[in-house]
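Q: After the structure tokens below, expect a handful of questions from me.
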Amino acid sequence: MLFDHIVNLFGPRDMDEKQQFLGEFEQMVMLAILQLDEAAYTVPIRNEIAARAGRSVSRGALYTTLERLEQKGGLASELGDPTPIRGGRPKRFWRVTREGLGLLRRSRGAMKELSRGLDAVLEEAP
């Protein structure tokens with residue numbers, strides 16, 4: 001009974017807060033999709049993150065993140081036409097939704113606010 005009360009007090013609020021902000025990798029994925037525009041499917045997304053952020057990305061991590069962002073309403077996907085190069089399989093193209101732009105804006109804004117006034121400290125860091 002006490003446990004149920006605690007869950008009711010803290011559970012939903014924690015869930016809402018997690019949905020309001022994006023993690024670092026989620027932000028990278030969304031920014032890569034925005035950079036790629038209509039060419040945003042998994043291979044170019046991985047390449048964009050590697051080229052611009054210097055971070056290698058496993059296919060599994062990318063697929064998991066894309067699906068999670070779609071469940072949050074931050075991304076939408078659409079299947080393209082099947083291609084012979086892919087053995088007749090279609091590519092799944094991704095785009096950032098209006099809600100996704102809001103999530104990205106809030107998350108980036110929070111990081112900017114937390115960083116404000118720390119330029120000297122961050123520049124001295126190795």
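Letters A, B, ... mark the chains of the structure tokens in the order given; residue numbers begin at 1 per chain; ligand numbers begin at 1, in order shown.
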When you look at Arg59 (chain A) with a cut-off of 12 Å (counting only C-alpha atoms), what residues show up, excluding the ones that are within fewer than 3 positions of it in the same chain? I need them as a PyMOL selection string.
A: chain A and resi 41-47+56+62-66
Q: For Gly23 (chain A), find every residue with an atom within 10 Å (counting only C-alpha atoms), except residues of its own chain fewer than 2 positions away, and show them as a list in words.
A: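 The neighbour list is Lys18, Phe21, Phe25, Glu26, Gln27, Met28, Leu104, Ser107 and Arg108 of chain A.
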Q: Output all heavy atoms of each residue in that selection to a file, as a short mmCIF file (atom, residue, chain, number, x, y, z; two decimals), in the first residue's frame.
A:
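Written file, again29.cif:
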```cif
data_model
loop_
_atom_site.label_atom_id
_atom_site.label_comp_id
_atom_site.auth_asym_id
_atom_site.auth_seq_id
_atom_site.Cartn_x
_atom_site.Cartn_y
_atom_site.Cartn_z
N LYS A 18 11.38 12.43 -18.31
CA LYS A 18 12.23 11.71 -19.25
C LYS A 18 11.77 11.95 -20.68
O LYS A 18 12.56 11.94 -21.60
CB LYS A 18 12.26 10.22 -18.93
CG LYS A 18 13.06 9.90 -17.69
CD LYS A 18 13.09 8.42 -17.43
CE LYS A 18 13.86 8.13 -16.15
NZ LYS A 18 13.82 6.73 -15.79
N PHE A 21 12.97 15.62 -22.28
CA PHE A 21 14.35 15.88 -22.67
C PHE A 21 14.94 14.66 -23.38
O PHE A 21 14.55 13.54 -23.13
CB PHE A 21 15.20 16.22 -21.44
CG PHE A 21 14.77 17.49 -20.78
CD1 PHE A 21 13.95 17.47 -19.68
CD2 PHE A 21 15.17 18.72 -21.28
CE1 PHE A 21 13.53 18.63 -19.07
CE2 PHE A 21 14.76 19.89 -20.69
CZ PHE A 21 13.93 19.86 -19.58
N PHE A 25 22.88 11.06 -27.28
CA PHE A 25 22.86 10.29 -28.53
C PHE A 25 21.56 10.53 -29.29
O PHE A 25 21.55 10.63 -30.52
CB PHE A 25 23.09 8.81 -28.27
CG PHE A 25 23.20 8.00 -29.54
CD1 PHE A 25 24.23 8.26 -30.43
CD2 PHE A 25 22.28 7.02 -29.84
CE1 PHE A 25 24.34 7.54 -31.62
CE2 PHE A 25 22.39 6.28 -31.01
CZ PHE A 25 23.42 6.55 -31.90
N GLU A 26 20.45 10.65 -28.57
CA GLU A 26 19.18 10.96 -29.24
C GLU A 26 19.27 12.30 -29.97
O GLU A 26 18.80 12.42 -31.10
CB GLU A 26 18.04 10.99 -28.22
CG GLU A 26 17.69 9.64 -27.64
CD GLU A 26 16.65 9.72 -26.55
OE1 GLU A 26 16.70 10.67 -25.74
OE2 GLU A 26 15.78 8.83 -26.51
N GLN A 27 19.91 13.27 -29.34
CA GLN A 27 20.08 14.56 -29.99
C GLN A 27 20.95 14.43 -31.24
O GLN A 27 20.64 15.02 -32.28
CB GLN A 27 20.71 15.57 -29.02
CG GLN A 27 19.79 15.99 -27.91
CD GLN A 27 20.42 16.98 -26.97
OE1 GLN A 27 20.88 18.02 -27.40
NE2 GLN A 27 20.44 16.66 -25.69
N MET A 28 22.02 13.66 -31.15
CA MET A 28 22.89 13.46 -32.32
C MET A 28 22.11 12.84 -33.48
O MET A 28 22.25 13.27 -34.63
CB MET A 28 24.07 12.56 -31.96
CG MET A 28 25.12 13.20 -31.13
SD MET A 28 26.48 12.03 -30.88
CE MET A 28 27.53 13.00 -29.84
N LEU A 104 13.91 18.55 -29.11
CA LEU A 104 15.30 18.91 -29.38
C LEU A 104 15.60 20.32 -28.87
O LEU A 104 16.62 20.56 -28.23
CB LEU A 104 15.57 18.81 -30.88
CG LEU A 104 17.00 18.95 -31.35
CD1 LEU A 104 17.93 17.96 -30.67
CD2 LEU A 104 17.07 18.77 -32.87
N SER A 107 15.83 20.25 -25.03
CA SER A 107 17.04 19.56 -24.57
C SER A 107 18.28 20.41 -24.79
O SER A 107 19.14 20.52 -23.91
CB SER A 107 17.17 18.22 -25.28
OG SER A 107 16.07 17.41 -24.98
N ARG A 108 18.39 21.00 -25.97
CA ARG A 108 19.55 21.85 -26.27
C ARG A 108 19.54 23.10 -25.40
O ARG A 108 20.57 23.55 -24.94
CB ARG A 108 19.58 22.21 -27.75
CG ARG A 108 19.81 20.96 -28.62
CD ARG A 108 20.01 21.29 -30.06
NE ARG A 108 21.31 21.92 -30.20
CZ ARG A 108 21.55 22.95 -31.02
NH1 ARG A 108 20.61 23.46 -31.75
NH2 ARG A 108 22.75 23.46 -31.11
#
```
Q: Could you jot down the CA of Ala110 (chain A) to CA of Ala40 (chain A) separation for me, Å, one decimal place?
A: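 Straight-line distance from CA of Ala110 (chain A) to CA of Ala40 (chain A) works out to 26.2 Å.
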Q: Might you pull out every residue within 9 Å of Lys91 (chain A), with only C-alpha atoms counted and same-chain residues fewer than 3 positions away left off, and present them as an MDAnalysis selection string?
A: chainID A and resid 41:42 78:83 86
Q: Could you write out that same residue set with N, CA and C atoms as a CSV table (one decimal), in the first residue's frame?
A:
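Final output, result_34.csv:
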```csv
chain,number,residue,atom,x,y,z
A,41,TYR,N,18.2,7.9,-44.0
A,41,TYR,CA,17.9,6.5,-43.6
A,41,TYR,C,19.2,6.0,-42.9
A,42,THR,N,19.1,4.8,-42.4
A,42,THR,CA,20.1,4.4,-41.4
A,42,THR,C,21.6,4.5,-41.8
A,78,GLU,N,9.0,6.4,-43.0
A,78,GLU,CA,8.2,6.0,-44.2
A,78,GLU,C,9.1,5.1,-45.0
A,79,LEU,N,8.5,4.0,-45.5
A,79,LEU,CA,9.2,3.1,-46.4
A,79,LEU,C,9.3,3.7,-47.8
A,80,GLY,N,10.5,3.6,-48.3
A,80,GLY,CA,10.7,4.0,-49.7
A,80,GLY,C,10.4,2.8,-50.7
A,81,ASP,N,10.7,3.0,-51.9
A,81,ASP,CA,10.5,1.9,-52.9
A,81,ASP,C,11.6,0.9,-52.7
A,82,PRO,N,11.3,-0.4,-53.0
A,82,PRO,CA,12.3,-1.5,-52.9
A,82,PRO,C,13.3,-1.2,-54.0
A,83,THR,N,14.6,-1.6,-53.7
A,83,THR,CA,15.6,-1.4,-54.7
A,83,THR,C,16.3,-2.8,-54.9
A,86,ARG,N,19.4,-3.6,-52.7
A,86,ARG,CA,19.1,-4.1,-51.3
A,86,ARG,C,18.3,-5.4,-51.3
```
Q: Provide the CA of Leu34 (chain A) to CA of Gly87 (chain A) distance in Å, to one decimal place.
A: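 That distance, rounded to one decimal, is 27.6 Å.
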Q: Could you jot down the CA of Gln20 (chain A) to CA of Gly102 (chain A) separation for me, Å, one decimal place?
A: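 That distance, rounded to one decimal, is 8.8 Å.
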Q: Please return as a ChimeraX atom specification: the residues of region 37-104 of chain A that backbone DSSP assigns to alpha helix (DSSP H).
A: /A:42-53,59-72,98-104
Q: Smallest atom-to-atom distance to Ala32 (chain A): which of A:Arg106, A:Arg52, A:Arg116, A:Arg89, using only C-alpha atoms?
A: A:Arg52
Q: So that I can see what lies close to Lys72 (chain A), please list as a list in words the residues with an atom at most 10 Å from it, counting only C-alpha atoms and leaving out residues fewer than 5 positions away in the same chain.
A: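 Once the adjacent positions are removed, what remains is Gln19, Gln20, Leu66, Glu67, Glu99, Gly100 and Leu103 of chain A.
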